[in-house]
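S.K.: upload-v9.cif (mmCIF, C-alpha atoms) pasted underneath:
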```
data_input
loop_
_atom_site.group_PDB
_atom_site.id
_atom_site.type_symbol
_atom_site.label_atom_id
_atom_site.label_comp_id
_atom_site.auth_asym_id
_atom_site.auth_seq_id
_atom_site.Cartn_x
_atom_site.Cartn_y
_atom_site.Cartn_z
ATOM 1 C CA MET A 697 -6.183 -18.761 -9.583
ATOM 2 C CA LYS A 698 -3.994 -17.037 -6.993
ATOM 3 C CA ASN A 699 -3.042 -13.369 -6.671
ATOM 4 C CA VAL A 700 -0.206 -12.166 -4.418
ATOM 5 C CA SER A 701 0.995 -8.579 -3.833
ATOM 6 C CA ILE A 702 4.533 -7.936 -2.579
ATOM 7 C CA GLY A 703 6.183 -4.678 -1.533
ATOM 8 C CA LEU A 704 9.688 -4.144 -2.913
ATOM 9 C CA TYR A 705 11.917 -2.179 -0.512
ATOM 10 C CA GLY A 706 15.495 -1.251 0.284
ATOM 11 C CA ASN A 707 18.600 -1.371 -1.930
ATOM 12 C CA PHE A 708 16.798 -3.199 -4.733
ATOM 13 C CA LYS A 709 18.228 -1.258 -7.712
ATOM 14 C CA ASP A 710 16.857 -3.139 -10.762
ATOM 15 C CA ALA A 711 15.420 -6.082 -8.831
ATOM 16 C CA GLY A 712 11.887 -5.404 -10.074
ATOM 17 C CA LYS A 713 12.944 -5.899 -13.702
ATOM 18 C CA GLU A 714 14.661 -9.163 -12.751
ATOM 19 C CA ILE A 715 11.613 -10.727 -11.126
ATOM 20 C CA GLY A 716 8.732 -9.187 -13.062
ATOM 21 C CA LYS A 717 7.607 -7.210 -16.102
ATOM 22 C CA LYS A 718 7.450 -3.463 -15.598
ATOM 23 C CA GLY A 719 3.967 -1.991 -15.722
ATOM 24 C CA THR A 720 2.471 1.316 -14.611
ATOM 25 C CA SER A 721 5.041 3.712 -13.136
ATOM 26 C CA THR A 722 4.501 7.002 -11.288
ATOM 27 C CA ASP A 723 5.688 7.621 -7.727
ATOM 28 C CA ILE A 724 5.100 3.880 -7.325
ATOM 29 C CA THR A 725 6.029 1.282 -9.953
ATOM 30 C CA LEU A 726 4.305 -2.030 -10.576
ATOM 31 C CA TYR A 727 6.074 -5.165 -11.797
ATOM 32 C CA ASN A 728 4.008 -8.169 -12.851
ATOM 33 C CA TYR A 729 4.866 -11.860 -12.956
ATOM 34 C CA LYS A 730 2.440 -14.508 -14.165
ATOM 35 C CA LYS A 731 2.847 -18.267 -13.826
ATOM 36 C CA ASP A 732 0.032 -20.351 -15.300
ATOM 37 C CA ASP A 733 -3.143 -18.884 -13.723
ATOM 38 C CA ASP A 734 -1.303 -17.395 -10.737
ATOM 39 C CA SER A 735 0.027 -13.830 -10.628
ATOM 40 C CA VAL A 736 2.418 -11.811 -8.484
ATOM 41 C CA VAL A 737 2.455 -8.011 -8.428
ATOM 42 C CA TYR A 738 5.430 -6.192 -6.934
ATOM 43 C CA ILE A 739 4.923 -2.602 -5.735
ATOM 44 C CA GLU A 740 8.041 -0.417 -5.657
ATOM 45 C CA PRO A 741 7.953 2.985 -3.863
ATOM 46 C CA THR A 742 9.861 4.680 -6.689
ATOM 47 C CA ARG A 743 9.868 8.225 -5.301
ATOM 48 C CA TYR A 744 11.044 7.092 -1.861
ATOM 49 C CA PRO A 745 13.123 8.308 -0.022
ATOM 50 C CA GLU A 746 12.527 11.700 -1.651
ATOM 51 C CA ARG A 747 8.922 11.421 -0.456
ATOM 52 C CA ILE A 748 7.643 9.283 2.409
ATOM 53 C CA HIS A 749 4.149 8.727 0.960
ATOM 54 C CA PRO A 750 5.090 6.124 -1.704
ATOM 55 C CA LEU A 751 6.599 3.942 1.028
ATOM 56 C CA ILE A 752 3.329 3.984 3.004
ATOM 57 C CA TYR A 753 1.271 3.401 -0.159
ATOM 58 C CA ALA A 754 3.364 0.329 -1.030
ATOM 59 C CA ILE A 755 2.919 -1.090 2.477
ATOM 60 C CA ASN A 756 -0.844 -0.554 2.294
ATOM 61 C CA MET A 757 -1.100 -2.180 -1.160
ATOM 62 C CA THR A 758 0.681 -5.437 -0.331
ATOM 63 C CA GLU A 759 0.485 -8.562 1.818
ATOM 64 C CA TYR A 760 4.193 -9.434 1.836
ATOM 65 C CA ALA A 761 7.466 -7.501 1.992
ATOM 66 C CA LEU A 762 10.649 -8.228 0.016
ATOM 67 C CA LEU A 763 13.452 -6.133 1.480
ATOM 68 C CA PHE A 764 16.930 -5.858 -0.041
ATOM 69 C CA ILE A 765 19.610 -4.740 2.436
ATOM 70 C CA ASP A 766 23.155 -4.172 1.173
ATOM 71 C CA GLU A 767 24.009 -1.741 3.976
ATOM 72 C CA LEU A 768 22.270 -0.335 7.046
ATOM 73 C CA THR A 769 21.520 3.210 5.915
ATOM 74 C CA GLN A 770 19.175 5.864 7.297
ATOM 75 C CA ASP A 771 16.668 5.010 4.547
ATOM 76 C CA ILE A 772 16.755 1.331 5.501
ATOM 77 C CA ALA A 773 16.187 2.310 9.141
ATOM 78 C CA GLU A 774 13.137 4.405 8.173
ATOM 79 C CA THR A 775 11.801 1.557 6.008
ATOM 80 C CA LEU A 776 12.185 -0.940 8.855
ATOM 81 C CA LEU A 777 10.446 1.505 11.192
ATOM 82 C CA ALA A 778 7.525 1.952 8.776
ATOM 83 C CA LEU A 779 7.114 -1.799 8.254
ATOM 84 C CA ASP A 780 7.221 -2.415 11.998
ATOM 85 C CA MET A 781 4.806 0.384 12.954
ATOM 86 C CA CYS A 782 2.353 -0.777 10.273
ATOM 87 C CA GLY A 783 2.574 -4.306 11.661
ATOM 88 C CA VAL A 784 3.980 -6.072 8.587
ATOM 89 C CA LYS A 785 4.666 -9.670 9.665
ATOM 90 C CA ARG A 786 5.069 -11.592 6.413
ATOM 91 C CA GLY A 787 8.191 -11.078 4.354
ATOM 92 C CA PHE A 788 11.732 -11.802 3.265
ATOM 93 C CA ILE A 789 15.103 -10.089 3.472
ATOM 94 C CA VAL A 790 17.770 -10.392 0.803
ATOM 95 C CA ALA A 791 20.934 -9.566 2.741
ATOM 96 C CA GLY A 792 24.100 -8.349 1.012
ATOM 97 C CA GLU A 793 27.382 -10.151 1.534
ATOM 98 C CA TYR A 794 28.700 -7.465 3.896
ATOM 99 C CA ILE A 795 25.687 -7.491 6.216
ATOM 100 C CA ASP A 796 26.261 -8.932 9.686
ATOM 101 C CA LEU A 797 23.356 -11.388 9.865
ATOM 102 C CA GLU A 798 23.493 -11.731 13.641
ATOM 103 C CA GLN A 799 23.327 -7.959 14.042
ATOM 104 C CA LEU A 800 20.423 -7.817 11.570
ATOM 105 C CA LYS A 801 18.525 -10.567 13.377
ATOM 106 C CA ALA A 802 19.060 -8.724 16.670
ATOM 107 C CA ILE A 803 17.618 -5.526 15.159
ATOM 108 C CA LEU A 804 14.545 -7.397 13.888
ATOM 109 C CA SER A 805 13.997 -9.490 17.024
ATOM 110 C CA ALA A 806 11.835 -6.870 18.768
ATOM 111 C CA THR A 807 9.833 -5.919 15.658
ATOM 112 C CA SER A 808 6.916 -7.275 13.640
ATOM 113 C CA MET A 809 9.551 -8.551 11.171
ATOM 114 C CA LYS A 810 11.158 -10.997 13.598
ATOM 115 C CA ASP A 811 9.964 -13.970 11.518
ATOM 116 C CA PHE A 812 11.102 -12.598 8.135
ATOM 117 C CA GLU A 813 13.081 -15.234 6.249
ATOM 118 C CA ILE A 814 16.581 -14.251 5.125
ATOM 119 C CA ILE A 815 17.249 -15.486 1.579
ATOM 120 C CA GLU A 816 20.083 -15.317 -0.959
ATOM 121 C CA LYS A 817 20.217 -12.888 -3.877
ATOM 122 C CA ASP A 818 19.317 -15.316 -6.653
ATOM 123 C CA TYR A 819 16.618 -13.726 -8.797
ATOM 124 C CA ILE A 820 15.423 -17.001 -10.331
ATOM 125 C CA VAL A 821 15.008 -18.568 -6.893
ATOM 126 C CA ILE A 822 13.403 -15.389 -5.529
ATOM 127 C CA ARG A 823 10.909 -15.220 -8.416
ATOM 128 C CA GLU A 824 9.821 -18.836 -7.931
ATOM 129 C CA LYS A 825 9.680 -18.493 -4.143
ATOM 130 C CA MET A 826 7.440 -15.426 -4.368
ATOM 131 C CA ALA A 827 5.189 -17.155 -6.923
ATOM 132 C CA ALA A 828 4.709 -20.058 -4.483
ATOM 133 C CA LEU A 829 3.489 -17.860 -1.614
ATOM 134 C CA PRO A 830 -0.079 -18.462 -0.404
ATOM 135 C CA GLU A 831 -2.739 -15.849 -0.952
ATOM 136 C CA VAL A 832 -3.588 -13.871 2.178
ATOM 137 C CA LYS A 833 -7.263 -13.761 3.110
ATOM 138 C CA PRO A 834 -8.489 -10.258 4.038
ATOM 139 C CA GLU A 835 -9.682 -9.623 7.566
ATOM 140 C CA GLY A 836 -13.047 -8.182 8.475
ATOM 141 C CA GLU A 837 -16.368 -8.243 6.708
ATOM 142 C CA GLU A 838 -16.309 -9.545 3.129
ATOM 143 C CA ILE A 839 -17.514 -6.421 1.354
ATOM 144 C CA GLN A 840 -16.611 -5.208 -2.113
ATOM 145 C CA LYS A 841 -13.579 -2.909 -1.992
ATOM 146 C CA ILE A 842 -11.485 -1.672 -4.944
ATOM 147 C CA PRO A 843 -8.985 1.105 -4.071
ATOM 148 C CA ILE A 844 -7.909 3.224 -7.057
ATOM 149 C CA ASP A 845 -4.134 3.586 -7.445
ATOM 150 C CA HIS A 846 -4.005 5.073 -10.977
ATOM 151 C CA PHE A 847 -6.491 6.597 -13.421
ATOM 152 C CA PHE A 848 -6.454 8.158 -16.878
ATOM 153 C CA SER A 849 -8.502 8.760 -20.001
ATOM 154 C CA VAL A 850 -8.161 6.427 -23.006
ATOM 155 C CA LYS A 851 -9.284 7.489 -26.459
ATOM 156 C CA SER A 852 -12.395 5.569 -27.607
ATOM 157 C CA VAL A 853 -12.641 3.936 -24.156
ATOM 158 C CA GLY A 854 -13.063 6.845 -21.745
ATOM 159 C CA THR A 855 -12.184 6.927 -18.049
ATOM 160 C CA VAL A 856 -10.086 3.982 -16.873
ATOM 161 C CA ILE A 857 -8.965 3.176 -13.342
ATOM 162 C CA LEU A 858 -6.358 0.697 -12.156
ATOM 163 C CA GLY A 859 -6.631 -1.026 -8.805
ATOM 164 C CA LYS A 860 -6.705 -4.245 -6.886
ATOM 165 C CA VAL A 861 -9.890 -6.011 -5.842
ATOM 166 C CA ASP A 862 -9.042 -5.998 -2.131
ATOM 167 C CA LYS A 863 -12.306 -7.633 -1.114
ATOM 168 C CA GLY A 864 -15.254 -9.229 -2.860
ATOM 169 C CA GLU A 865 -15.341 -9.414 -6.649
ATOM 170 C CA VAL A 866 -16.246 -7.094 -9.508
ATOM 171 C CA ALA A 867 -18.216 -7.659 -12.717
ATOM 172 C CA VAL A 868 -19.061 -5.753 -15.868
ATOM 173 C CA HIS A 869 -22.220 -3.624 -15.370
ATOM 174 C CA ASP A 870 -21.648 -3.321 -11.613
ATOM 175 C CA ASN A 871 -22.934 0.035 -10.343
ATOM 176 C CA LEU A 872 -20.389 1.385 -7.872
ATOM 177 C CA THR A 873 -20.071 4.333 -5.508
ATOM 178 C CA MET A 874 -16.796 6.281 -5.634
ATOM 179 C CA TYR A 875 -16.105 6.713 -1.923
ATOM 180 C CA PRO A 876 -15.532 9.045 -0.079
ATOM 181 C CA THR A 877 -17.834 10.903 -2.511
ATOM 182 C CA THR A 878 -21.402 9.953 -3.392
ATOM 183 C CA LYS A 879 -20.704 9.861 -7.134
ATOM 184 C CA LYS A 880 -21.751 6.737 -9.026
ATOM 185 C CA ALA A 881 -20.032 4.874 -11.853
ATOM 186 C CA MET A 882 -20.862 1.791 -13.905
ATOM 187 C CA VAL A 883 -18.260 -0.733 -15.062
ATOM 188 C CA LYS A 884 -18.462 -0.698 -18.883
ATOM 189 C CA SER A 885 -15.646 -3.157 -19.477
ATOM 190 C CA MET A 886 -12.783 -4.727 -17.602
ATOM 191 C CA GLN A 887 -9.321 -6.163 -18.177
ATOM 192 C CA VAL A 888 -7.062 -8.422 -16.119
ATOM 193 C CA HIS A 889 -3.490 -8.808 -17.439
ATOM 194 C CA ASP A 890 -4.535 -7.002 -20.645
ATOM 195 C CA LYS A 891 -7.298 -9.530 -21.380
ATOM 196 C CA ASP A 892 -10.983 -8.623 -21.526
ATOM 197 C CA VAL A 893 -12.983 -10.379 -18.809
ATOM 198 C CA LYS A 894 -16.550 -10.183 -17.514
ATOM 199 C CA GLU A 895 -15.699 -10.609 -13.832
ATOM 200 C CA ALA A 896 -12.681 -10.671 -11.546
ATOM 201 C CA PRO A 897 -12.248 -12.284 -8.100
ATOM 202 C CA LYS A 898 -10.658 -10.961 -4.929
ATOM 203 C CA GLY A 899 -6.949 -10.231 -5.319
ATOM 204 C CA SER A 900 -7.101 -9.454 -9.040
ATOM 205 C CA ARG A 901 -5.447 -6.337 -10.437
ATOM 206 C CA VAL A 902 -8.019 -4.836 -12.753
ATOM 207 C CA GLY A 903 -8.391 -2.067 -15.274
ATOM 208 C CA LEU A 904 -11.978 -0.824 -15.206
ATOM 209 C CA ALA A 905 -13.516 1.371 -17.905
ATOM 210 C CA LEU A 906 -16.106 3.477 -16.083
ATOM 211 C CA LYS A 907 -19.251 5.163 -17.332
ATOM 212 C CA GLY A 908 -20.568 8.285 -15.640
ATOM 213 C CA VAL A 909 -17.317 9.809 -14.367
ATOM 214 C CA SER A 910 -14.328 11.698 -15.766
ATOM 215 C CA VAL A 911 -10.722 11.753 -14.589
ATOM 216 C CA GLU A 912 -11.450 15.140 -12.988
ATOM 217 C CA ASP A 913 -13.792 13.331 -10.578
ATOM 218 C CA LEU A 914 -11.086 10.931 -9.385
ATOM 219 C CA ASP A 915 -8.335 10.898 -6.767
ATOM 220 C CA ARG A 916 -5.875 8.201 -5.805
ATOM 221 C CA GLY A 917 -7.182 6.246 -2.846
ATOM 222 C CA MET A 918 -10.859 6.506 -3.722
ATOM 223 C CA ILE A 919 -12.560 3.169 -3.154
ATOM 224 C CA LEU A 920 -15.109 1.722 -5.558
ATOM 225 C CA SER A 921 -17.798 -0.394 -3.915
ATOM 226 C CA LYS A 922 -21.443 -1.344 -4.227
ATOM 227 C CA ASP A 923 -21.518 -1.777 -0.440
ATOM 228 C CA GLU A 924 -21.816 0.942 2.208
ATOM 229 C CA LEU A 925 -18.457 2.152 3.544
ATOM 230 C CA SER A 926 -17.554 4.533 6.377
ATOM 231 C CA VAL A 927 -16.668 8.130 5.473
ATOM 232 C CA SER A 928 -15.663 10.990 7.797
ATOM 233 C CA ASP A 929 -13.681 14.229 7.977
ATOM 234 C CA GLU A 930 -13.133 13.787 11.742
ATOM 235 C CA LEU A 931 -11.284 10.884 13.336
ATOM 236 C CA SER A 932 -10.514 10.073 16.967
ATOM 237 C CA VAL A 933 -7.503 7.786 17.266
ATOM 238 C CA THR A 934 -5.150 6.348 19.852
ATOM 239 C CA MET A 935 -1.597 6.686 18.575
ATOM 240 C CA LYS A 936 1.344 4.344 18.769
ATOM 241 C CA TRP A 937 4.125 6.930 18.630
ATOM 242 C CA ASN A 938 7.390 6.642 16.774
ATOM 243 C CA PRO A 939 9.914 6.007 19.589
ATOM 244 C CA TYR A 940 12.476 8.124 17.716
ATOM 245 C CA MET A 941 10.189 11.148 17.379
ATOM 246 C CA ASN A 942 11.921 14.251 18.716
ATOM 247 C CA LYS A 943 8.962 16.613 19.130
ATOM 248 C CA GLU A 944 5.709 16.911 21.044
ATOM 249 C CA ILE A 945 2.403 16.929 19.176
ATOM 250 C CA ASN A 946 0.116 19.785 20.238
ATOM 251 C CA ALA A 947 -3.466 20.859 19.551
ATOM 252 C CA GLY A 948 -3.741 23.316 16.680
ATOM 253 C CA GLU A 949 -0.832 21.873 14.702
ATOM 254 C CA GLY A 950 -1.157 20.657 11.118
ATOM 255 C CA TYR A 951 0.055 17.319 9.767
ATOM 256 C CA GLN A 952 -0.836 14.777 7.103
ATOM 257 C CA ILE A 953 -2.408 11.376 7.398
ATOM 258 C CA VAL A 954 -2.322 8.407 5.066
ATOM 259 C CA VAL A 955 -5.239 5.966 5.173
ATOM 260 C CA GLY A 956 -5.030 3.277 2.518
ATOM 261 C CA LEU A 957 -3.931 5.211 -0.573
ATOM 262 C CA GLN A 958 -5.473 8.484 0.578
ATOM 263 C CA SER A 959 -3.241 11.347 1.696
ATOM 264 C CA VAL A 960 -5.042 14.186 3.499
ATOM 265 C CA SER A 961 -3.927 17.230 5.494
ATOM 266 C CA CYS A 962 -5.326 17.486 9.012
ATOM 267 C CA THR A 963 -5.335 19.619 12.137
ATOM 268 C CA VAL A 964 -4.988 18.256 15.666
ATOM 269 C CA GLU A 965 -8.142 19.542 17.376
ATOM 270 C CA GLU A 966 -7.582 17.835 20.734
ATOM 271 C CA LYS A 967 -4.755 15.879 22.350
ATOM 272 C CA ASN A 968 -5.010 13.877 25.541
ATOM 273 C CA GLY A 969 -1.953 11.700 26.035
ATOM 274 C CA ASP A 970 -1.941 9.218 23.154
ATOM 275 C CA ASP A 971 -5.477 10.161 22.085
ATOM 276 C CA LEU A 972 -5.943 12.595 19.215
ATOM 277 C CA LYS A 973 -9.005 14.157 17.633
ATOM 278 C CA LEU A 974 -8.183 15.051 14.028
ATOM 279 C CA LYS A 975 -10.066 17.399 11.720
ATOM 280 C CA LEU A 976 -9.369 16.491 8.082
ATOM 281 C CA LEU A 977 -9.189 18.917 5.175
ATOM 282 C CA LYS A 978 -11.469 16.537 3.251
ATOM 283 C CA PRO A 979 -13.273 13.271 4.091
ATOM 284 C CA VAL A 980 -11.621 9.863 3.861
ATOM 285 C CA VAL A 981 -13.157 6.446 3.345
ATOM 286 C CA TYR A 982 -12.038 3.770 5.777
ATOM 287 C CA GLU A 983 -12.791 0.401 7.296
ATOM 288 C CA LYS A 984 -12.452 -0.522 10.953
ATOM 289 C CA GLY A 985 -8.919 -1.750 11.566
ATOM 290 C CA ASP A 986 -7.293 0.302 8.798
ATOM 291 C CA ASN A 987 -3.953 1.900 9.633
ATOM 292 C CA LEU A 988 -3.800 5.671 9.955
ATOM 293 C CA VAL A 989 -0.233 6.931 9.577
ATOM 294 C CA LEU A 990 0.468 10.434 10.931
ATOM 295 C CA LEU A 991 3.179 12.214 8.956
ATOM 296 C CA ASP A 992 5.238 15.372 9.124
ATOM 297 C CA GLY A 993 6.633 15.303 5.592
ATOM 298 C CA SER A 994 8.984 18.256 6.057
ATOM 299 C CA ALA A 995 10.601 17.023 9.293
ATOM 300 C CA LYS A 996 13.730 14.928 9.717
ATOM 301 C CA VAL A 997 11.635 12.279 11.485
ATOM 302 C CA ARG A 998 8.735 11.998 9.071
ATOM 303 C CA ILE A 999 6.640 9.185 10.579
ATOM 304 C CA MET A 1000 5.041 10.501 13.770
ATOM 305 C CA GLY A 1001 2.942 7.499 14.662
ATOM 306 C CA VAL A 1002 0.357 4.928 13.590
ATOM 307 C CA SER A 1003 -3.119 4.103 14.840
ATOM 308 C CA LYS A 1004 -5.759 1.494 14.038
ATOM 309 C CA ILE A 1005 -9.024 3.221 13.125
ATOM 310 C CA GLN A 1006 -11.885 2.011 15.300
#
```
Could I get this file's structure written as C-alpha cells?

M.R.:
Amino acid sequence: MKNVSIGLYGNFKDAGKEIGKKGTSTDITLYNYKKDDDSVVYIEPTRYPERIHPLIYAINMTEYALLFIDELTQDIAETLLALDMCGVKRGFIVAGEYIDLEQLKAILSATSMKDFEIIEKDYIVIREKMAALPEVKPEGEEIQKIPIDHFFSVKSVGTVILGKVDKGEVAVHDNLTMYPTTKKAMVKSMQVHDKDVKEAPKGSRVGLALKGVSVEDLDRGMILSKDELSVSDELSVTMKWNPYMNKEINAGEGYQIVVGLQSVSCTVEEKNGDDLKLKLLKPVVYEKGDNLVLLDGSAKVRIMGVSKIQ
C-alpha cells in the first residue's frame, strides 16, 4: 500500500477533476485517485490567490508539486516564490504551448525547483505518472502525528476529523492528545477511502470519529498524537527573507505565521538582523525542522520570509 500527496498549483482550471475524484472542499479542495491498493491525494489551494494561507497549507500537506503554467503571471511568480522558500524539491511542471521553456528553465535554475520535470498536458499520462511516484519517507523521529485539516459533526457518529497520518500509525481505541491543547480524545471508529478499518499506516488519509471532544474544541492544524510534542507561544527564529520584500521588519509590529496547518497572529518582540523573537497570540504545536512562514496578508508582498524551527 502506497500513499502519495501532491499539491496542485498554477493555471490548473479543472485539472483536479481530470486526474482525481473531488472530495472535501473548503478553502482547499481534495481530489482522490485510487489504483489497486495505492492512493494519490491532490491538494488544491482553492481560495488562492484571494488568500495566501491556502497556498501555504497545500505546500505543507504534500510531498510533491504539480504546477500548471499557461502564462507567467504575478500569481505564478508568488507560487514559485512560496515553493522555493519552503524548499519544495520534488515536482512537475505542465507548461502551456506559449511558454518559453528555456526562459522557464532559466527562472527555475537558481531555485529549489531546478530539478522539476516538465511534462505535457495529457491528463491520462499525468494521472498514471503521479500514481507511480514513490512514497516519501518523513524526516525526523518516527512519532505519531496526525494534523487535522477538516472537522465536523455527523449525526449518530459525533465529532469527526479528517487528516493525514503524517507519521506513525493510528488504530481504533487509541487515546490521543489534541495538541497544542492538553485535551484528550479516543478514536471510536475510523475510515480510509470511505471503508471502515481498525488501523491505518503512515501516509493514509483518515476520517476519525472521536470520543471526548466536540467540534467547538477543534481548530485546523491541531495535531493528534499519543506521543509528546513541542508546544509554545514564543518562538525564536532565524529568517530567510523574501528577496522581493519592500519593507523593514521592526520590533513591536504584528504579523501572522503559518506552521503546518496552523495560522496564528504574532508580535515581533525582538529583532536582531535575521533573528526574530516572536510572541504568538496562542500556542502552536511544532516539530524541529518545521517551516515557519511569516506573512503580511494585507500587503502587496505577502510572504515576508521563512524559517526552520529549531

S.K.: I need the output of the PyMOL selection byres ((chain A and resi 701) around 7) for this file as an mmCIF file with C-alpha atoms, in the coordinates of the input; which residues are they?

M.R.:
```
data_model
loop_
_atom_site.group_PDB
_atom_site.id
_atom_site.type_symbol
_atom_site.label_atom_id
_atom_site.label_comp_id
_atom_site.auth_asym_id
_atom_site.auth_seq_id
_atom_site.Cartn_x
_atom_site.Cartn_y
_atom_site.Cartn_z
ATOM 1 C CA ASN A 699 -3.042 -13.369 -6.671
ATOM 2 C CA VAL A 700 -0.206 -12.166 -4.418
ATOM 3 C CA ILE A 702 4.533 -7.936 -2.579
ATOM 4 C CA GLY A 703 6.183 -4.678 -1.533
ATOM 5 C CA VAL A 736 2.418 -11.811 -8.484
ATOM 6 C CA VAL A 737 2.455 -8.011 -8.428
ATOM 7 C CA TYR A 738 5.430 -6.192 -6.934
ATOM 8 C CA THR A 758 0.681 -5.437 -0.331
ATOM 9 C CA GLU A 759 0.485 -8.562 1.818
ATOM 10 C CA TYR A 760 4.193 -9.434 1.836
#
```

S.K.: Considering all atoms listed in the file, return as an MDAnalysis selection string whatever protein or nucleic-acid residues lie within 6 Å of region 991-1005 of chain A, sequence-local ones (same chain, fewer than 2 positions apart) excluded.

M.R.: chainID A and resid 934:938 951:953 984:989

S.K.: Mind pulling up the distance from CA of Thr877 (chain A) to CA of Glu912 (chain A)?

M.R.: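 Straight-line distance from CA of Glu912 (chain A) to CA of Thr877 (chain A) works out to 13.0 Å.
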
S.K.: Please report the interatomic distance between CA of Ala828 (chain A) and CA of Lys730 (chain A) in Å with one decimal.

M.R.: 11.4 Å

S.K.: Can you pull out every residue within 12 Å of Ser721 (chain A), counting all atoms listed in the file, but drop anything in the same chain fewer than 3 positions away, and send it as a list in words?

M.R.: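 Everything that qualifies: Gly712, Lys717, Lys718, Ile724, Thr725, Leu726, Tyr727, Asn728, Tyr738, Ile739, Glu740, Pro741, Thr742, Arg743, Pro750, Asp845, His846, Phe847 and Leu858 of chain A.
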
S.K.: Evaluate the PyMOL selection byres ((chain A and resi 958) around 10) here and jot the selected residues down as a ChimeraX atom specification.

M.R.: /A:749,753,843-845,915-919,953-957,959-960,979-982,988

S.K.: Would you translate the PyMOL selection byres ((chain A and resi 887) around 9) into the concrete set of residues it matches in this file, as a list in words?

M.R.: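 The output of the PyMOL selection byres ((chain A and resi 887) around 9) on this file is Ser885, Met886, Val888, His889, Asp890, Lys891, Asp892, Val893, Lys894, Glu895, Ala896, Arg901, Val902, Gly903, Leu904 and Ala905 of chain A.
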
S.K.: Could you check which residues have any atom within 6 Å of (-13.0, 5.9, 13.6), counting only C-alpha atoms with coordinates taken straight from the file, and then list them as a list in words?

M.R.: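 Within 6 Å of (-13.0, 5.9, 13.6), the protein and nucleic acid residues are Leu931, Ser932, Ile1005 and Gln1006 of chain A.
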
S.K.: With C-alpha atoms kept, could you save the residues just selected as a PDB file, in the frame of the given file?

M.R.:
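Result written to part37.pdb:
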```pdb
ATOM      1  CA  LEU A 931     -11.284  10.884  13.336  1.00  0.00           C
ATOM      2  CA  SER A 932     -10.514  10.073  16.967  1.00  0.00           C
ATOM      3  CA  ILE A1005      -9.024   3.221  13.125  1.00  0.00           C
ATOM      4  CA  GLN A1006     -11.885   2.011  15.300  1.00  0.00           C
TER       5      GLN A1006
END
```

S.K.: What is the distance, in Å and to one decimal place, between CA of Lys841 (chain A) and CA of Thr963 (chain A)?

M.R.: 27.8 Å

S.K.: For a quick check of understanding, using only C-alpha atoms, which of A:Val911, A:Met809, A:Val853, A:Ile814 has the smallest distance to Asp796 (chain A)?

M.R.: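 For Asp796 (chain A), the nearest of the given residues is A:Ile814.
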
S.K.: Identify which of the residues A:Leu800, A:Val856, A:Ala754, A:Val821 lies closest to Glu767 (chain A), counting all atoms listed in the file when measuring atom-to-atom distances.

M.R.: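 Ranked by minimum distance to Glu767 (chain A), first place goes to A:Leu800.
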
S.K.: Find, counting all atoms listed in the file, the residue in A:Val832, A:Ile755, A:Met781, A:Ala761 that gets nearest to Ala806 (chain A).

M.R.: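 Answer, going by the shortest atom-to-atom distance: A:Met781.
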
S.K.: Smallest atom-to-atom distance to Glu930 (chain A): which of A:Lys907, A:Lys975, A:Lys833, A:Lys898, using all atoms listed in the file?

M.R.: A:Lys975

S.K.: Glu949 (chain A): which residues within 12 Å, counting only C-alpha atoms, same-chain residues fewer than 5 positions away excluded, as a list in words?

M.R.: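 In the requested form, the answer reads Lys943, Glu944, Ser961, Cys962, Thr963, Val964, Glu965, Glu966, Lys967, Leu972, Lys973, Leu974, Lys975, Leu991 and Asp992 of chain A.
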
S.K.: Output C-alpha atoms for every residue in that selection, as an mmCIF file, in the frame of the given file.

M.R.:
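Result went into again33.cif, see below:
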```cif
data_model
loop_
_atom_site.group_PDB
_atom_site.id
_atom_site.type_symbol
_atom_site.label_atom_id
_atom_site.label_comp_id
_atom_site.auth_asym_id
_atom_site.auth_seq_id
_atom_site.Cartn_x
_atom_site.Cartn_y
_atom_site.Cartn_z
ATOM 1 C CA LYS A 943 8.962 16.613 19.130
ATOM 2 C CA GLU A 944 5.709 16.911 21.044
ATOM 3 C CA SER A 961 -3.927 17.230 5.494
ATOM 4 C CA CYS A 962 -5.326 17.486 9.012
ATOM 5 C CA THR A 963 -5.335 19.619 12.137
ATOM 6 C CA VAL A 964 -4.988 18.256 15.666
ATOM 7 C CA GLU A 965 -8.142 19.542 17.376
ATOM 8 C CA GLU A 966 -7.582 17.835 20.734
ATOM 9 C CA LYS A 967 -4.755 15.879 22.350
ATOM 10 C CA LEU A 972 -5.943 12.595 19.215
ATOM 11 C CA LYS A 973 -9.005 14.157 17.633
ATOM 12 C CA LEU A 974 -8.183 15.051 14.028
ATOM 13 C CA LYS A 975 -10.066 17.399 11.720
ATOM 14 C CA LEU A 991 3.179 12.214 8.956
ATOM 15 C CA ASP A 992 5.238 15.372 9.124
#
```

S.K.: Return the single residue from A:Lys698, A:Lys785, A:Lys731, A:Lys922 that is closest to Glu831 (chain A), with distances computed using only C-alpha atoms.

M.R.: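 Answer, going by the shortest atom-to-atom distance: A:Lys698.
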
S.K.: Counting only C-alpha atoms, which of A:Thr855, A:Asn756, A:Lys884, A:Ala802 gets nearest to Val868 (chain A)?

M.R.: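 Using only C-alpha atoms, the shortest distance to Val868 (chain A) belongs to A:Lys884.
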